[in-house]
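> Pasting structure_16.pdb here (PDB, C-alpha atoms):
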ATOM      1  CA  GLU V   1      10.420  13.743  14.814
ATOM      2  CA  ASN V   2      14.172  14.246  15.149
ATOM      3  CA  ILE V   3      13.581  17.812  16.318
ATOM      4  CA  PHE V   4      11.322  16.532  19.098
ATOM      5  CA  SER V   5      13.918  13.930  20.081
ATOM      6  CA  GLU V   6      16.634  16.555  20.365
ATOM      7  CA  LYS V   7      14.731  19.523  21.764
ATOM      8  CA  GLY V   8      12.269  17.693  23.960
ATOM      9  CA  GLY V   9       9.200  15.752  23.233
ATOM     10  CA  ILE V  10       5.694  16.979  23.145
ATOM     11  CA  THR V  11       4.188  17.620  26.540
ATOM     12  CA  GLY V  12       0.619  16.417  26.620
ATOM     13  CA  LYS V  13      -1.398  13.487  25.433
ATOM     14  CA  HIS V  14      -1.872  13.007  21.717
ATOM     15  CA  LEU V  15      -5.405  13.962  20.722
ATOM     16  CA  SER V  16      -6.796  11.582  18.128
ATOM     17  CA  GLU V  17      -9.342  12.727  15.572
ATOM     18  CA  THR V  18     -12.024  10.806  17.466
ATOM     19  CA  GLY V  19     -10.995  12.549  20.685
ATOM     20  CA  LYS V  20     -11.174  15.912  18.931
ATOM     21  CA  LEU V  21     -14.715  15.159  17.762
ATOM     22  CA  MET V  22     -15.747  14.098  21.270
ATOM     23  CA  ILE V  23     -14.391  17.308  22.797
ATOM     24  CA  LEU V  24     -16.085  19.413  20.117
ATOM     25  CA  ARG V  25     -19.393  17.620  20.763
ATOM     26  CA  ARG V  26     -19.049  18.343  24.482
ATOM     27  CA  VAL V  27     -18.231  22.027  23.905
ATOM     28  CA  LEU V  28     -21.103  22.391  21.431
ATOM     29  CA  MET V  29     -23.636  20.718  23.712
ATOM     30  CA  ASN V  30     -22.502  22.805  26.722
ATOM     31  CA  ASN V  31     -23.045  25.968  24.675
ATOM     32  CA  LYS V  32     -26.116  24.992  22.673
ATOM     33  CA  GLU V  33     -28.269  27.656  24.358
ATOM     34  CA  ASN V  34     -25.644  30.377  23.718
ATOM     35  CA  LEU V  35     -25.282  29.669  20.003
ATOM     36  CA  LYS V  36     -27.224  32.098  17.850
ATOM     37  CA  TYR V  37     -26.559  30.477  14.480
ATOM     38  CA  PHE V  38     -25.458  26.896  15.113
ATOM     39  CA  GLY V  39     -27.723  26.080  18.072
ATOM     40  CA  VAL V  40     -30.319  24.423  15.869
ATOM     41  CA  VAL V  41     -27.974  22.577  13.511
ATOM     42  CA  CYS V  42     -25.146  21.482  15.829
ATOM     43  CA  GLY V  43     -26.771  18.094  16.440
ATOM     44  CA  ARG V  44     -27.222  17.217  12.777
ATOM     45  CA  PRO V  45     -25.230  14.300  11.348
ATOM     46  CA  GLY V  46     -21.895  15.402   9.924
ATOM     47  CA  PHE V  47     -21.938  18.869  11.506
ATOM     48  CA  ILE V  48     -19.190  18.178  14.042
ATOM     49  CA  ILE V  49     -16.956  16.570  11.405
ATOM     50  CA  LYS V  50     -17.276  19.630   9.133
ATOM     51  CA  PHE V  51     -16.699  21.948  12.088
ATOM     52  CA  SER V  52     -13.591  19.959  13.037
ATOM     53  CA  GLU V  53     -12.268  20.291   9.487
ATOM     54  CA  SER V  54     -12.773  24.066   9.675
ATOM     55  CA  LEU V  55     -10.825  24.252  12.945
ATOM     56  CA  SER V  56      -7.986  22.282  11.340
ATOM     57  CA  GLU V  57      -7.870  24.768   8.467
ATOM     58  CA  PHE V  58      -7.858  27.672  10.912
ATOM     59  CA  ALA V  59      -4.912  26.150  12.782
ATOM     60  CA  GLU V  60      -2.985  25.442   9.567
ATOM     61  CA  ASN V  61      -3.413  29.031   8.476
ATOM     62  CA  GLY V  62      -2.694  30.687  11.812
ATOM     63  CA  ILE V  63      -6.245  31.887  12.446
ATOM     64  CA  SER V  64      -6.998  32.147  16.160
ATOM     65  CA  PRO V  65     -10.369  32.401  17.932
ATOM     66  CA  ASP V  66      -9.604  36.101  18.487
ATOM     67  CA  ASN V  67      -9.110  36.545  14.730
ATOM     68  CA  VAL V  68     -12.511  34.973  14.055
ATOM     69  CA  ARG V  69     -14.089  37.210  16.704
ATOM     70  CA  SER V  70     -12.488  40.260  15.068
ATOM     71  CA  TYR V  71     -13.791  39.222  11.649
ATOM     72  CA  ALA V  72     -17.292  38.946  13.135
ATOM     73  CA  GLU V  73     -17.097  42.539  14.350
ATOM     74  CA  CYS V  74     -16.867  43.706  10.728
ATOM     75  CA  PHE V  75     -20.554  42.815  10.225
ATOM     76  CA  GLN V  76     -23.836  44.015  11.671
ATOM     77  CA  LYS V  77     -24.788  42.159  14.842
ATOM     78  CA  GLU V  78     -28.124  41.034  13.391
ATOM     79  CA  SER V  79     -26.551  39.515  10.263
ATOM     80  CA  ALA V  80     -26.198  35.784   9.784
ATOM     81  CA  ILE V  81     -22.457  36.079   9.089
ATOM     82  CA  TYR V  82     -21.897  37.914  12.387
ATOM     83  CA  GLN V  83     -23.842  35.249  14.284
ATOM     84  CA  LYS V  84     -22.058  32.437  12.496
ATOM     85  CA  LEU V  85     -18.561  33.858  13.091
ATOM     86  CA  SER V  86     -19.404  34.655  16.719
ATOM     87  CA  ASP V  87     -20.529  31.068  17.296
ATOM     88  CA  ILE V  88     -17.386  29.741  15.610
ATOM     89  CA  ALA V  89     -15.178  32.004  17.757
ATOM     90  CA  LEU V  90     -16.932  30.879  20.948
ATOM     91  CA  ILE V  91     -16.641  27.159  20.181
ATOM     92  CA  TYR V  92     -13.082  27.477  18.826
ATOM     93  CA  ALA V  93     -11.938  29.384  21.933
ATOM     94  CA  GLN V  94     -13.491  26.906  24.353
ATOM     95  CA  TYR V  95     -12.146  23.936  22.402
ATOM     96  CA  SER V  96      -8.648  25.487  22.339
ATOM     97  CA  ASP V  97      -8.762  26.245  26.071
ATOM     98  CA  PHE V  98      -9.890  22.701  26.837
ATOM     99  CA  ILE V  99      -7.173  20.915  24.866
ATOM    100  CA  ARG V 100      -4.393  23.345  25.834
ATOM    101  CA  LYS V 101      -4.458  21.965  29.392
ATOM    102  CA  GLU V 102      -3.729  18.323  28.572
ATOM    103  CA  TYR V 103      -3.629  17.517  24.886
ATOM    104  CA  ILE V 104      -1.640  18.058  21.727
ATOM    105  CA  SER V 105      -3.651  18.029  18.524
ATOM    106  CA  ASP V 106      -2.240  17.072  15.137
ATOM    107  CA  ASP V 107      -3.294  20.577  14.088
ATOM    108  CA  ASP V 108      -0.602  22.045  16.361
ATOM    109  CA  LEU V 109       2.362  19.754  15.614
ATOM    110  CA  LEU V 110       3.930  21.934  12.919
ATOM    111  CA  SER V 111       3.676  25.054  15.076
ATOM    112  CA  ILE V 112       5.351  23.241  17.963
ATOM    113  CA  ALA V 113       8.057  21.884  15.631
ATOM    114  CA  ALA V 114       8.722  25.397  14.290
ATOM    115  CA  ASP V 115       9.312  26.647  17.830
ATOM    116  CA  LYS V 116      11.728  23.806  18.553
ATOM    117  CA  ILE V 117      13.848  24.293  15.413
ATOM    118  CA  ASP V 118      15.584  27.347  16.894
ATOM    119  CA  GLY V 119      18.906  26.224  18.333
ATOM    120  CA  ALA V 120      18.481  22.596  17.278
ATOM    121  CA  LYS V 121      21.733  20.843  16.341
ATOM    122  CA  TYR V 122      19.780  18.679  13.930
ATOM    123  CA  THR V 123      19.124  21.617  11.580
ATOM    124  CA  ASP V 124      22.251  23.656  12.288
ATOM    125  CA  GLY V 125      24.190  23.628   9.013
ATOM    126  CA  ALA V 126      21.890  21.054   7.403
ATOM    127  CA  GLU V 127      21.071  20.976   3.712
ATOM    128  CA  VAL V 128      17.314  20.748   3.133
ATOM    129  CA  TRP V 129      15.323  20.082  -0.011
ATOM    130  CA  LEU V 130      11.615  20.903  -0.277
ATOM    131  CA  ASP V 131      10.087  18.977  -3.142
ATOM    132  CA  GLY V 132       6.597  18.160  -4.354
ATOM    133  CA  PHE V 133       4.659  21.014  -2.758
ATOM    134  CA  TYR V 134       2.095  23.021  -4.700
ATOM    135  CA  GLY V 135       1.640  25.534  -1.892
ATOM    136  CA  PHE V 136       2.318  26.067   1.791
ATOM    137  CA  THR V 137       0.182  26.770   4.825
ATOM    138  CA  LYS V 138       1.116  29.435   7.356
ATOM    139  CA  GLN V 139       2.461  26.702   9.648
ATOM    140  CA  GLU V 140       4.651  25.366   6.839
ATOM    141  CA  TYR V 141       5.905  28.881   6.058
ATOM    142  CA  ASN V 142       6.897  29.223   9.727
ATOM    143  CA  ILE V 143       8.900  25.976   9.476
ATOM    144  CA  ILE V 144      10.579  27.189   6.268
ATOM    145  CA  GLU V 145      11.407  30.541   7.886
ATOM    146  CA  ARG V 146      13.112  28.757  10.785
ATOM    147  CA  LEU V 147      14.938  26.396   8.417
ATOM    148  CA  LEU V 148      16.215  29.348   6.372
ATOM    149  CA  ALA V 149      17.626  30.867   9.545
ATOM    150  CA  THR V 150      19.428  27.731  10.762
ATOM    151  CA  CYS V 151      20.261  25.487   7.807
ATOM    152  CA  LYS V 152      23.263  25.754   5.510
ATOM    153  CA  THR V 153      21.014  25.610   2.448
ATOM    154  CA  VAL V 154      17.318  25.267   1.766
ATOM    155  CA  SER V 155      16.481  24.324  -1.811
ATOM    156  CA  VAL V 156      12.936  24.428  -3.137
ATOM    157  CA  THR V 157      11.859  22.708  -6.318
ATOM    158  CA  LEU V 158       9.045  24.322  -8.257
ATOM    159  CA  ASN V 159       6.264  22.300  -9.800
ATOM    160  CA  MET V 160       5.614  23.224 -13.361
ATOM    161  CA  ASP V 161       2.718  22.526 -15.657
ATOM    162  CA  LYS V 162       4.090  20.889 -18.802
ATOM    163  CA  ARG V 163       1.606  22.773 -20.979
ATOM    164  CA  GLY V 164       2.852  26.123 -19.622
ATOM    165  CA  TYR V 165       6.445  25.155 -20.322
ATOM    166  CA  MET V 166       5.671  23.864 -23.812
ATOM    167  CA  ALA V 167       3.678  26.994 -24.720
ATOM    168  CA  ASP V 168       6.847  29.035 -24.437
ATOM    169  CA  LYS V 169       8.618  26.718 -26.901
ATOM    170  CA  MET V 170       6.001  27.120 -29.651
TER     171      MET V 170
END
Translate the structure described by the file into structure tokens.


Amino acid sequence: ENIFSEKGGITGKHLSETGKLMILRRVLMNNKENLKYFGVVCGRPGFIIKFSESLSEFAENGISPDNVRSYAECFQKESAIYQKLSDIALIYAQYSDFIRKEYISDDDLLSIAADKIDGAKYTDGAEVWLDGFYGFTKQEYNIIERLLATCKTVSVTLNMDKRGYMADKM
């Protein structure tokens, strides 16, 4: 939040989870006839929520619609996995294009913050501690990379399983 205050706020309206689901529903319904795999199931209860969760995971891990499209090309065009990945790439691309014009999704906040860290006085020479993490997403690694480049120190604590530590003592 301090980075956004210093380097400029977020341009665009905040997209709530409900708004995200509404946009996904619209994109899915507009493309229902073009979907080879999901055309039949896209109206089922819970489908859009699960699809939304998948898009969030893609964003967290730096997977773009073009990446999904490339993955699809690794399979035969008649296969279910090709059809499924192609449908995902189509919906993901149209969803991304739609929100890019006006909205900022929670899925993109860390990527935007990483871009704003460069040259920020707030992090210049700061001492940062990262504690309590069991792993990092690609977006979080991008933040850490930028922090390492601008901060005085970045300290990371490592979580340890007590049983693993005690096994060495026996």

> So how many Å separate CA of Leu24 in chain V and CA of Lys77 in chain V, to one decimal?

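For CA of Leu24 in chain V relative to CA of Lys77 in chain V, the distance reads 24.9 Å.
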
> Which residues, named as in the file, does the PyMOL selection byres ((chain V and resi 51-65) around 8) pick out? Answer as a count of residues only.

21

> Calculate how many Å separate CA of Thr123 in chain V from CA of Leu147 in chain V, rounding to one decimal.

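Result for CA of Thr123 in chain V versus CA of Leu147 in chain V: 7.1 Å, one decimal.
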
> Env of Ser16 in chain V: 10 Å cut, atoms = only C-alpha atoms, seq-sep filter 6 positions within chain, self excluded. Answer as a PDB file with C-alpha atoms, in the coordinates of the input.


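Just written: out_18.pdb:
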ATOM      1  CA  MET V  22     -15.747  14.098  21.270  1.00  0.00           C
ATOM      2  CA  TYR V 103      -3.629  17.517  24.886  1.00  0.00           C
ATOM      3  CA  ILE V 104      -1.640  18.058  21.727  1.00  0.00           C
ATOM      4  CA  SER V 105      -3.651  18.029  18.524  1.00  0.00           C
ATOM      5  CA  ASP V 106      -2.240  17.072  15.137  1.00  0.00           C
TER       6      ASP V 106
END

> Could the centre and edge lengths of an axis-aligned box, enclosing all atoms of range 44-63 of chain V in the file with 8 Å extra on each side, be given in Å to one decimal as JSON?


{"center_x": -15.0, "center_y": 23.1, "center_z": 11.3, "size_x": 40.5, "size_y": 33.6, "size_z": 21.6}

> Set the distance at 9 Å and use only C-alpha atoms: which residues neighbour Ile23 in chain V once local chain neighbours fewer than 6 positions away are removed? I'd like the list as a list in words.

Tyr95, Phe98 and Ile99 of chain V

> What is the distance between CA of Trp129 in chain V and CA of Val154 in chain V, in Å to one decimal?

5.8 Å

> Taking the file as shown, find all residues satisfying the PyMOL selection byres ((chain V and resi 125) around 12) and write them as a PyMOL selection string.

chain V and resi 119-124+126-128+147-154

> Could you tell me, as number ranges by chain, exactly which residues end up selected when the PyMOL selection byres ((chain V and resi 157) around 7) is applied to this structure?

V: 130-131, 155-156, 158-159

> Of the candidates V:Leu28, V:Glu17, V:Asn142, V:Gly12, which one gets nearest to Gln94 in chain V if we count all atoms listed in the file?

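Of V:Leu28, V:Glu17, V:Asn142, V:Gly12, the one nearest Gln94 in chain V is V:Leu28, counting all atoms listed in the file.
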
> Do a neighbour search on Asp115 in chain V at 9 Å with all atoms listed in the file, toss out local chain neighbours closer than 2 positions, and write the hits as a tab-separated table (two decimals) with C-alpha atoms, in the frame of the given file.


chain	number	residue	atom	x	y	z
V	110	LEU	CA	3.93	21.93	12.92
V	111	SER	CA	3.68	25.05	15.08
V	112	ILE	CA	5.35	23.24	17.96
V	113	ALA	CA	8.06	21.88	15.63
V	117	ILE	CA	13.85	24.29	15.41
V	118	ASP	CA	15.58	27.35	16.89
V	142	ASN	CA	6.90	29.22	9.73
V	143	ILE	CA	8.90	25.98	9.48
V	146	ARG	CA	13.11	28.76	10.78
